[in-house]
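**Student:** Compact mmCIF, C-alpha atoms, file my_file.txt:
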# COMPACT_ATOMS: atom_id res chain seq x y z
CA MET C 1 -3.10 -14.31 -21.81
CA SER C 2 -3.52 -15.08 -18.13
CA ASP C 3 -2.70 -17.75 -15.58
CA GLU C 4 -5.35 -18.24 -12.91
CA PHE C 5 -4.86 -19.29 -9.30
CA GLU C 6 -7.04 -19.89 -6.25
CA TYR C 7 -9.93 -17.64 -5.25
CA GLY C 8 -9.26 -15.06 -2.55
CA THR C 9 -5.57 -14.77 -3.44
CA ASP C 10 -3.22 -12.24 -5.00
CA VAL C 11 0.21 -12.54 -6.68
CA ALA C 12 2.38 -10.07 -4.78
CA ASP C 13 5.39 -10.16 -7.09
CA ILE C 14 6.97 -11.99 -10.01
CA ALA C 15 10.52 -12.53 -11.28
CA VAL C 16 11.10 -13.85 -14.81
CA VAL C 17 14.41 -15.52 -15.66
CA SER C 18 13.27 -16.63 -19.12
CA PRO C 19 10.01 -17.54 -20.91
CA LYS C 20 10.32 -21.02 -19.39
CA ASP C 21 11.55 -20.11 -15.92
CA ALA C 22 9.74 -17.73 -13.58
CA TRP C 23 8.94 -17.33 -9.89
CA ALA C 24 5.99 -15.70 -8.14
CA PHE C 25 4.72 -15.23 -4.61
CA ARG C 26 1.03 -15.85 -3.97
CA GLN C 27 -0.60 -14.46 -0.86
CA GLY C 28 -4.03 -14.57 0.74
CA ALA C 29 -5.87 -15.64 3.83
CA GLY C 30 -4.88 -18.73 5.81
CA SER C 31 -2.53 -21.13 4.04
CA ALA C 32 -2.79 -19.45 0.63
CA GLN C 33 0.71 -17.94 0.99
CA ALA C 34 3.12 -19.84 -1.26
CA LEU C 35 6.14 -19.54 -3.52
CA LEU C 36 5.30 -20.60 -7.09
CA HIS C 37 7.53 -21.76 -9.94
CA TYR C 38 6.76 -21.71 -13.66
CA ASP C 39 8.51 -24.35 -15.80
CA GLY C 40 7.35 -23.21 -19.22
CA SER C 41 3.94 -24.90 -19.09
CA THR C 42 2.38 -24.67 -15.61
CA TRP C 43 2.67 -22.83 -12.29
CA GLN C 44 3.22 -25.09 -9.30
CA PRO C 45 3.70 -24.40 -5.57
CA TYR C 46 7.37 -24.72 -4.64
CA ALA C 47 8.18 -25.86 -1.12
CA LEU C 48 11.08 -23.93 0.39
CA PRO C 49 13.68 -26.07 2.23
CA ARG C 50 13.10 -26.36 5.98
CA ASP C 51 16.22 -24.40 6.86
CA VAL C 52 14.89 -21.47 4.81
CA THR C 53 11.44 -21.47 6.43
CA GLU C 54 13.03 -21.86 9.87
CA ALA C 55 15.29 -18.88 9.18
CA ALA C 56 12.26 -16.79 8.21
CA ASP C 57 10.42 -17.91 11.39
CA GLY C 58 7.10 -16.22 10.62
CA ARG C 59 4.68 -15.05 7.98
CA MET C 60 6.23 -13.23 5.03
CA GLU C 61 4.86 -9.79 4.11
CA ARG C 62 5.78 -7.20 1.46
CA VAL C 63 7.55 -9.90 -0.55
CA SER C 64 9.76 -8.86 -3.47
CA LEU C 65 11.35 -11.17 -6.05
CA THR C 66 14.28 -10.20 -8.30
CA SER C 67 16.01 -12.37 -10.91
CA HIS C 68 19.07 -12.41 -13.15
CA PRO C 69 19.39 -14.20 -16.54
CA SER C 70 22.02 -16.46 -14.95
CA GLY C 71 19.20 -18.12 -12.98
CA ASP C 72 19.89 -16.38 -9.69
CA VAL C 73 16.66 -15.33 -7.95
CA TRP C 74 16.44 -13.33 -4.73
CA LEU C 75 13.48 -13.12 -2.36
CA ILE C 76 13.19 -10.22 0.10
CA ALA C 77 10.45 -10.04 2.72
CA SER C 78 9.36 -8.39 5.93
CA VAL C 79 8.54 -11.20 8.35
CA SER C 80 5.80 -10.96 10.95
CA HIS C 81 6.47 -13.01 14.10
CA GLY C 82 3.05 -12.56 15.68
CA PRO C 83 1.11 -9.97 17.72
CA GLY C 84 3.26 -7.57 19.70
CA SER C 85 6.46 -8.45 17.86
CA THR C 86 8.57 -6.30 15.53
CA ASN C 87 8.84 -7.33 11.89
CA THR C 88 12.29 -8.32 10.67
CA SER C 89 13.86 -8.44 7.22
CA PHE C 90 14.49 -11.76 5.50
CA VAL C 91 16.49 -12.56 2.37
CA ALA C 92 16.79 -15.85 0.49
CA ARG C 93 18.54 -16.76 -2.75
CA PHE C 94 17.95 -19.44 -5.40
CA ASP C 95 21.32 -20.32 -6.93
CA GLY C 96 19.91 -22.27 -9.89
CA THR C 97 19.61 -25.47 -7.88
CA THR C 98 18.16 -24.75 -4.45
CA TRP C 99 17.10 -21.95 -2.10
CA HIS C 100 19.32 -20.73 0.74
CA ALA C 101 18.69 -18.17 3.48
CA VAL C 102 21.14 -15.27 3.15
CA PRO C 103 22.44 -13.93 6.48
CA LEU C 104 21.79 -10.23 6.93
CA PRO C 105 24.23 -7.64 8.26
CA ASP C 106 24.12 -7.24 12.03
CA ARG C 107 21.32 -4.97 13.28
CA GLU C 108 19.97 -4.38 9.76
CA HIS C 109 16.17 -4.65 9.75
CA GLY C 110 15.27 -2.54 6.75
CA ILE C 111 16.50 -4.36 3.64
CA GLY C 112 14.49 -3.07 0.68
CA GLY C 113 14.73 -3.46 -3.08
CA VAL C 114 17.45 -5.73 -4.43
CA LEU C 115 19.35 -5.29 -7.70
CA VAL C 116 20.96 -8.51 -8.97
CA LEU C 117 23.91 -8.03 -11.33
CA GLY C 118 25.31 -11.55 -10.93
CA PRO C 119 25.66 -14.43 -8.44
CA ALA C 120 28.29 -12.51 -6.44
CA ASP C 121 27.23 -8.95 -7.28
CA VAL C 122 24.01 -7.87 -5.59
CA TRP C 123 22.94 -4.48 -4.27
CA ALA C 124 20.23 -3.77 -1.68
CA SER C 125 18.94 -0.65 -0.03
CA GLY C 126 19.02 -0.70 3.76
CA SER C 127 17.53 1.26 6.62
CA GLY C 128 18.24 4.97 6.69
CA ARG C 129 20.79 6.25 4.19
CA THR C 130 22.44 2.89 3.67
CA ALA C 131 23.16 0.59 0.74
CA TRP C 132 24.57 -2.93 0.99
CA HIS C 133 26.65 -4.84 -1.56
CA TRP C 134 26.70 -8.65 -1.56
CA THR C 135 29.98 -10.07 -2.87
CA GLY C 136 29.12 -13.76 -2.51
CA ARG C 137 30.85 -13.98 0.87
CA GLY C 138 29.15 -11.22 2.81
CA TRP C 139 27.72 -7.70 2.83
CA THR C 140 29.66 -4.44 2.47
CA ARG C 141 28.03 -1.25 3.71
CA SER C 142 28.11 2.11 1.92
CA ALA C 143 26.57 5.44 2.90
CA LEU C 144 23.98 7.13 0.65
CA PRO C 145 23.41 10.90 0.61
CA PHE C 146 19.63 10.28 0.97
CA GLU C 147 17.17 7.45 1.56
CA ALA C 148 16.80 5.30 -1.56
CA GLN C 149 13.49 3.87 -2.74
CA ARG C 150 15.04 1.84 -5.55
CA LEU C 151 18.33 0.76 -7.13
CA VAL C 152 18.55 0.46 -10.93
CA THR C 153 21.10 -0.31 -13.61
CA ASP C 154 21.36 -0.38 -17.39
CA PRO C 155 20.97 -3.67 -19.35
CA HIS C 156 24.73 -4.31 -19.17
CA GLY C 157 25.08 -3.51 -15.47
CA THR C 158 27.54 -0.72 -16.26
CA VAL C 159 26.35 1.84 -13.72
CA VAL C 160 24.32 1.40 -10.53
CA TRP C 161 21.93 4.21 -9.61
CA ALA C 162 20.19 4.95 -6.32
CA ILE C 163 16.90 6.80 -6.70
CA GLY C 164 15.13 8.26 -3.69
CA SER C 165 13.87 11.42 -2.07
CA GLU C 166 14.83 13.99 0.55
CA PRO C 167 13.21 17.01 2.23
CA LYS C 168 12.74 20.04 0.00
CA PRO C 169 15.27 22.75 0.93
CA GLY C 170 13.96 25.43 3.26
CA THR C 171 11.06 23.39 4.64
CA GLU C 172 10.50 22.63 8.31
CA THR C 173 9.26 19.41 9.84
CA PRO C 174 5.49 19.71 10.43
CA SER C 175 4.40 19.97 14.08
CA ASN C 176 1.71 17.38 13.36
CA PRO C 177 3.46 14.00 12.86
CA ASP C 178 0.60 12.87 10.58
CA ALA C 179 1.03 15.82 8.23
CA PRO C 180 2.64 15.17 4.80
CA THR C 181 6.16 16.51 4.34
CA SER C 182 7.63 18.31 1.35
CA GLN C 183 9.92 16.00 -0.60
CA GLN C 184 11.95 16.23 -3.79
CA PRO C 185 13.61 13.49 -5.91
CA ALA C 186 17.28 12.63 -5.42
CA SER C 187 19.74 10.45 -7.35
CA ALA C 188 23.29 9.13 -6.97
CA ARG C 189 25.67 6.87 -8.93
CA TRP C 190 28.15 4.33 -7.61
CA ASP C 191 31.65 5.19 -8.85
CA GLY C 192 33.27 1.99 -7.62
CA THR C 193 34.21 3.48 -4.26
CA ARG C 194 31.36 5.68 -3.08
CA TRP C 195 27.98 7.10 -4.04
CA GLN C 196 28.23 10.36 -5.98
CA ARG C 197 25.17 12.60 -5.89
CA VAL C 198 23.73 13.61 -9.28
CA THR C 199 21.57 16.62 -8.49
CA ILE C 200 18.00 16.80 -9.77
CA PRO C 201 17.23 20.55 -9.92
CA THR C 202 14.12 21.44 -7.94
CA ASP C 203 12.62 23.51 -10.76
CA LEU C 204 12.44 20.45 -13.04
CA THR C 205 9.62 18.95 -10.99
CA LEU C 206 8.33 21.62 -8.56
CA THR C 207 6.79 24.41 -10.67
CA ASP C 208 3.59 26.31 -11.46
CA GLY C 209 1.81 25.69 -8.16
CA TYR C 210 2.68 21.97 -8.06
CA ASP C 211 5.54 22.84 -5.75
CA PHE C 212 4.74 21.13 -2.47
CA SER C 213 6.31 17.74 -3.15
CA SER C 214 7.42 15.46 -5.98
CA LEU C 215 8.37 11.79 -6.21
CA ILE C 216 9.92 9.55 -8.86
CA THR C 217 7.76 6.47 -9.38
CA GLY C 218 9.60 4.76 -12.25
CA THR C 219 13.18 4.66 -13.56
CA THR C 220 14.62 3.02 -16.68
CA ALA C 221 18.33 3.01 -17.48
CA VAL C 222 18.74 2.47 -21.23
CA SER C 223 22.54 2.83 -21.05
CA ALA C 224 25.19 4.38 -18.85
CA ASP C 225 24.44 7.76 -20.47
CA GLU C 226 20.66 7.54 -20.88
CA VAL C 227 18.38 7.21 -17.87
CA TRP C 228 14.68 8.06 -17.77
CA ALA C 229 12.65 8.93 -14.69
CA THR C 230 8.89 9.47 -14.42
CA GLY C 231 6.92 10.64 -11.42
CA ASN C 232 4.39 13.09 -10.04
CA SER C 233 4.56 16.53 -8.46
CA GLY C 234 1.72 17.80 -6.30
CA THR C 235 0.08 20.64 -4.45
CA GLU C 236 -0.11 20.70 -0.65
CA PRO C 237 -2.72 18.23 0.72
CA GLU C 238 -5.61 19.86 2.56
CA PRO C 239 -6.37 18.86 6.18
CA SER C 240 -9.87 17.60 6.98
CA GLU C 241 -11.92 17.90 10.17
CA ASP C 242 -11.19 14.31 11.21
CA GLY C 243 -7.42 14.84 11.05
CA ASP C 244 -6.80 13.13 7.72
CA TYR C 245 -5.51 14.93 4.64
CA TYR C 246 -7.24 15.27 1.31
CA PRO C 247 -5.09 13.95 -1.56
CA ALA C 248 -3.06 16.60 -3.36
CA ASP C 249 -3.66 17.47 -6.99
CA GLN C 250 -0.88 15.86 -8.99
CA ARG C 251 0.62 16.10 -12.44
CA PRO C 252 3.16 13.82 -14.10
CA PHE C 253 6.72 14.70 -15.06
CA THR C 254 9.42 13.02 -17.15
CA LEU C 255 13.17 13.58 -16.76
CA LEU C 256 16.15 12.47 -18.83
CA PHE C 257 19.74 12.01 -17.66
CA ASP C 258 21.79 12.57 -20.82
CA GLY C 259 25.21 11.52 -19.55
CA SER C 260 25.99 14.81 -17.85
CA ARG C 261 22.83 16.15 -16.17
CA TRP C 262 19.12 15.64 -15.51
CA ARG C 263 16.88 17.75 -17.75
CA VAL C 264 13.44 17.92 -19.30
CA PRO C 265 13.42 15.94 -22.58
CA GLN C 266 13.26 17.87 -25.85
CA ASP C 267 10.91 17.29 -28.77
CA GLY C 268 11.71 13.95 -30.36
CA GLU C 269 13.18 12.50 -27.13
CA HIS C 270 10.99 9.82 -25.59
CA PRO C 271 11.40 7.19 -22.87
CA PRO C 272 11.50 3.57 -24.08
CA ALA C 273 8.33 1.64 -24.81
CA ALA C 274 6.80 0.09 -21.71
CA VAL C 275 3.62 -1.24 -20.15
CA LEU C 276 2.50 1.47 -17.74
CA SER C 277 -0.49 -0.14 -16.02
CA ALA C 278 -3.19 -2.75 -16.46
CA LYS C 279 -4.83 -0.52 -19.08
CA LYS C 280 -2.07 1.49 -20.76
CA MET C 281 1.21 1.06 -22.62
CA ARG C 282 3.65 3.60 -24.11
CA ASP C 283 5.17 3.08 -27.52
CA GLY C 284 8.67 4.04 -28.68
CA VAL C 285 7.66 7.54 -29.75
CA GLY C 286 5.96 8.50 -26.50
CA ARG C 287 2.34 7.84 -27.41
CA THR C 288 0.08 5.95 -24.99
CA HIS C 289 -2.32 3.21 -26.08
CA LYS C 290 -5.04 1.23 -24.35
CA ILE C 291 -4.47 -2.43 -23.48
CA GLY C 292 -7.45 -4.73 -23.73
CA HIS C 293 -8.70 -6.74 -20.77
CA PRO C 294 -7.33 -10.31 -20.58
CA PRO C 295 -9.77 -13.21 -21.01
CA TYR C 296 -12.38 -13.16 -18.25
CA VAL C 297 -11.93 -15.83 -15.59
CA PRO C 298 -14.82 -17.97 -14.32
CA GLY C 299 -16.69 -16.46 -11.40
CA VAL C 300 -18.22 -18.11 -8.35
CA THR C 301 -20.57 -20.12 -10.58
CA GLY C 302 -17.63 -21.73 -12.37
CA GLU C 303 -18.58 -19.94 -15.58
CA VAL C 304 -18.18 -16.46 -17.05
CA THR C 305 -21.58 -14.84 -16.55
CA ALA C 306 -22.70 -11.36 -17.60
CA VAL C 307 -21.76 -9.87 -14.23
CA ASP C 308 -18.32 -11.53 -14.38
CA ARG C 309 -17.54 -9.34 -17.40
CA LYS C 310 -17.31 -6.41 -14.99
CA GLN C 311 -14.25 -7.87 -13.27
CA LYS C 312 -11.18 -5.63 -13.02
CA LEU C 313 -7.47 -6.33 -13.28
CA TRP C 314 -5.13 -4.95 -10.59
CA LEU C 315 -1.35 -5.28 -10.99
CA ASN C 316 1.34 -5.34 -8.31
CA GLU C 317 4.38 -5.83 -10.55
CA ILE C 318 5.17 -5.41 -14.26
CA THR C 319 8.40 -6.87 -15.65
CA PRO C 320 9.86 -7.51 -19.13
CA VAL C 321 10.88 -11.04 -20.12
CA PRO C 322 14.61 -11.13 -20.97
CA GLY C 323 15.37 -11.68 -24.64
CA THR C 324 11.76 -11.29 -25.81
CA ASP C 325 9.18 -8.62 -26.65
CA GLU C 326 6.87 -9.88 -23.89
CA VAL C 327 5.96 -8.25 -20.60
CA TRP C 328 4.55 -10.26 -17.69
CA ALA C 329 2.64 -8.81 -14.76
CA ALA C 330 1.34 -10.14 -11.44
CA GLY C 331 -1.71 -9.19 -9.45
CA GLN C 332 -5.35 -10.21 -9.18
CA ILE C 333 -8.66 -10.23 -11.00
CA GLU C 334 -11.42 -8.79 -8.81
CA LEU C 335 -15.18 -8.48 -9.01
CA GLY C 336 -16.54 -6.23 -6.28
CA ALA C 337 -19.82 -4.55 -5.30
CA HIS C 338 -21.87 -7.36 -6.82
CA ALA C 339 -23.03 -9.21 -3.67
CA ASP C 340 -22.89 -12.99 -3.97
CA ALA C 341 -20.99 -12.75 -7.26
CA ASN C 342 -17.99 -11.04 -5.61
CA PHE C 343 -14.62 -12.76 -5.83
CA SER C 344 -10.90 -12.11 -6.25
CA ARG C 345 -8.34 -14.39 -7.85
CA ALA C 346 -4.58 -14.26 -8.25
CA VAL C 347 -3.38 -13.91 -11.81
CA VAL C 348 -0.28 -13.56 -13.99
CA VAL C 349 -0.92 -11.81 -17.30
CA ARG C 350 1.31 -11.55 -20.36
CA TYR C 351 1.43 -8.87 -23.02
CA ARG C 352 3.39 -8.84 -26.29
CA MET C 353 4.74 -5.40 -27.13
CA PRO C 354 3.84 -4.18 -30.64
CA GLY C 355 6.67 -4.28 -33.16
Before anything else, please render the file you have as structure tokens.

**Tutor:**
Amino acid sequence: MSDEFEYGTDVADIAVVSPKDAWAFRQGAGSAQALLHYDGSTWQPYALPRDVTEAADGRMERVSLTSHPSGDVWLIASVSHGPGSTNTSFVARFDGTTWHAVPLPDREHGIGGVLVLGPADVWASGSGRTAWHWTGRGWTRSALPFEAQRLVTDPHGTVVWAIGSEPKPGTETPSNPDAPTSQQPASARWDGTRWQRVTIPTDLTLTDGYDFSSLITGTTAVSADEVWATGNSGTEPEPSEDGDYYPADQRPFTLLFDGSRWRVPQDGEHPPAAVLSAKKMRDGVGRTHKIGHPPYVPGVTGEVTAVDRKQKLWLNEITPVPGTDEVWAAGQIELGAHADANFSRAVVVRYRMPG
């Protein structure tokens, strides 16, 4: 099932509170940028209060939306203030009734992913090795042992994890600033006072020639004592004559934190079922299956022609719907390389996980 929006647009992110309450951010050229709200039947543009737009003071980029079943929704963005200016971070919160701009810590311009545990319990990654905790009255800073790409928790919010990366031991910074650097995954848990590193042994991801760099791309915390991480390890990228670097060969890896350590899963241990991409899903026993294309959307003629059946689905965000077996995803339908028939269109798609 899909929800279609204007031509030439893309849904950057989506946050689902319930099957009848969701938020999305549509972007595109000109005035196509808009916050959208779903009320259980239709998506409608939602005008942010003037004090929120004035606080942003620019065009929002790299927008991320995060929700909590309580109805709290947080919007994080990098705001462009025009040519020659430096982008700044912006955070706003919907408290179930209206949107408010959330003041940022002084001199913090790198707010990243947000983890919402409750109205007065929110975590965000900051610039450098910094994490911030929102208590409802303000932000509290804590130091991370590495730079975090994401913050995750289990369904009950028992433990908060920081997942990121750091330079591989024994490597030197390349003399060429454009050259890729060797990285390895890193993790830490919040113990109520500070972040405690939970070491990910290098040999779990960097082996058999794929030992230049590795990165965790997805993390799922099933419980406080069961966390799954998936990612890719790669060979060293090759430089080209024009100064760019050829992509490295990569292979996937899967890790399990079993309550005491990170390790490679054993036979019979599988990460939870999930939608992996626009075309694939994983079931509860680790097998992957194809997902069919959603209904084709009308092309530039207003109908679905033969060429329109070559349109592709690209996803920016995939998120489960609380309390259901549905997964919603945001992105765009695109038809390219077909001359006058070319178009792109923002879309939200829904998929029901098999029982």

**Student:** Which residue is closest to Gly40 (chain C)? Choose from C:Arg129, C:Lys20, C:Arg345, C:His289 and count all atoms listed in the file.

**Tutor:**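 Between C:Arg129, C:Lys20, C:Arg345, C:His289, the residue approaching Gly40 (chain C) most closely is C:Lys20.
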
**Student:** Nearest to Ala55 (chain C) among C:Val152, C:Val304, C:Ala101, C:Ala15, with distances taken over all atoms listed in the file: which residue is it?

**Tutor:**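 Of C:Val152, C:Val304, C:Ala101, C:Ala15, the one nearest Ala55 (chain C) is C:Ala101, counting all atoms listed in the file.
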
**Student:** Please determine, counting all atoms listed in the file, which residue among C:Thr171, C:Trp195, C:Tyr246, C:Glu6 has the shortest atom-to-atom distance to Asp211 (chain C).

**Tutor:**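 Looking only at the distances to Asp211 (chain C), the closest residue turns out to be C:Thr171.
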
**Student:** If you count all atoms listed in the file, which residues fall within 9 Å of Arg251 (chain C), apart from same-chain ones fewer than 2 positions away, as a PyMOL selection string?

**Tutor:** chain C and resi 210+231-234+249+253

**Student:** In Å to one decimal, how far is CA of Asp13 (chain C) from CA of Ala77 (chain C)?

**Tutor:**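 Distance reported for this atom pair: 11.0 Å.
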
**Student:** What gap, in Å, lies between CA of Ser18 (chain C) and CA of Phe90 (chain C)?

**Tutor:**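 Interatomic distance here is 25.1 Å.
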
**Student:** Please provide the set of residues having any atom within 6 Å of region 131-137 of chain C, restricted to only C-alpha atoms, with same-chain residues fewer than 6 positions apart removed, written as a PDB file with C-alpha atoms, keeping the file's coordinate frame.

**Tutor:**
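Final output, around.pdb:
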ATOM      1  CA  ALA C 120      28.290 -12.510  -6.440  1.00  0.00           C
ATOM      2  CA  ASP C 121      27.230  -8.950  -7.280  1.00  0.00           C
ATOM      3  CA  VAL C 122      24.010  -7.870  -5.590  1.00  0.00           C
ATOM      4  CA  TRP C 123      22.940  -4.480  -4.270  1.00  0.00           C
ATOM      5  CA  ALA C 124      20.230  -3.770  -1.680  1.00  0.00           C
ATOM      6  CA  SER C 125      18.940  -0.650  -0.030  1.00  0.00           C
TER       7      SER C 125
END

**Student:** Please compute the CA of Gly126 (chain C)-CA of Asp10 (chain C) distance, one decimal, in Å.

**Tutor:** 26.5 Å

**Student:** Region 227-229 of chain C: which residues within 8 Å, counting all atoms listed in the file, same-chain residues fewer than 4 positions away excluded, as a list in words?

**Tutor:**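 Skipping anything fewer than 4 positions along the chain leaves Ile216, Thr217, Gly218, Thr219, Thr220, Ala221, Val222, Ser223, Thr254, Leu255, Leu256, Phe257, Asp258 and Pro271 of chain C.
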
**Student:** Would you list the contacts of Thr97 (chain C) as a VMD selection string, taking every protein, DNA or RNA residue within 10 Å and counting only C-alpha atoms, but skipping same-chain residues closer than 3 positions in sequence?

**Tutor:** chain C and resid 71 to 72 94 100

**Student:** Enumerate, in order of chain and increasing residue number, the residues of region 5-44 of chain C with an atom no farther than 8 Å from region 321-333 of chain C, each with its shortest atom pair and distance in Å to one decimal, counting only C-alpha atoms, as a Markdown table.

**Tutor:**
| residue | atom | partner | partner_atom | distance |
| --- | --- | --- | --- | --- |
| C:Thr9 | CA | C:Gln332 | CA | 7.3 |
| C:Asp10 | CA | C:Gln332 | CA | 5.1 |
| C:Val11 | CA | C:Gly331 | CA | 4.8 |
| C:Ala12 | CA | C:Gly331 | CA | 6.3 |
| C:Asp13 | CA | C:Ala330 | CA | 5.9 |
| C:Ile14 | CA | C:Ala330 | CA | 6.1 |
| C:Val16 | CA | C:Val321 | CA | 6.0 |
| C:Val17 | CA | C:Pro322 | CA | 6.9 |
| C:Ser18 | CA | C:Pro322 | CA | 6.0 |
| C:Pro19 | CA | C:Val321 | CA | 6.6 |
| C:Ala24 | CA | C:Ala330 | CA | 8.0 |

**Student:** Check the smallest atom-to-atom distance from each of C:Val300, C:Val160, C:Ala148, C:Ala143 to Arg194 (chain C) using all atoms listed in the file, then report the winner.

**Tutor:**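 So, comparing all the options, the nearest one is C:Ala143.
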
**Student:** Given the point (16.1, 11.7, -1.3) in the coordinates of this file, which residues lie within 12 Å, counting only C-alpha atoms, and how would they look as number ranges by chain?

**Tutor:** C: 128-130, 144-150, 162-169, 182-188, 197-200, 202, 213-216

**Student:** Write out as a list in words each polymer residue whose atoms come within 9 Å of region 103-106 of chain C, counting only C-alpha atoms; drop sequence neighbours fewer than 5 positions from it.

**Tutor:**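 The contact residues come out as Ser89, Phe90, Val91, Ala92, Ile111, Trp132, Gly138, Trp139, Thr140 and Arg141 of chain C.
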
**Student:** Using all atoms listed in the file, which residue out of C:Leu335, C:Leu204, C:Ala34, C:Val79 lies closest to Val264 (chain C)?

**Tutor:**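 With all atoms listed in the file as the atom set, the closest residue is C:Leu204.
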
**Student:** Nearest to Ile318 (chain C): which of C:Ser41, C:Gln250, C:Gln27, C:Thr66 is it, counting only C-alpha atoms?

**Tutor:**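 Selected residue with least distance to Ile318 (chain C): C:Thr66.
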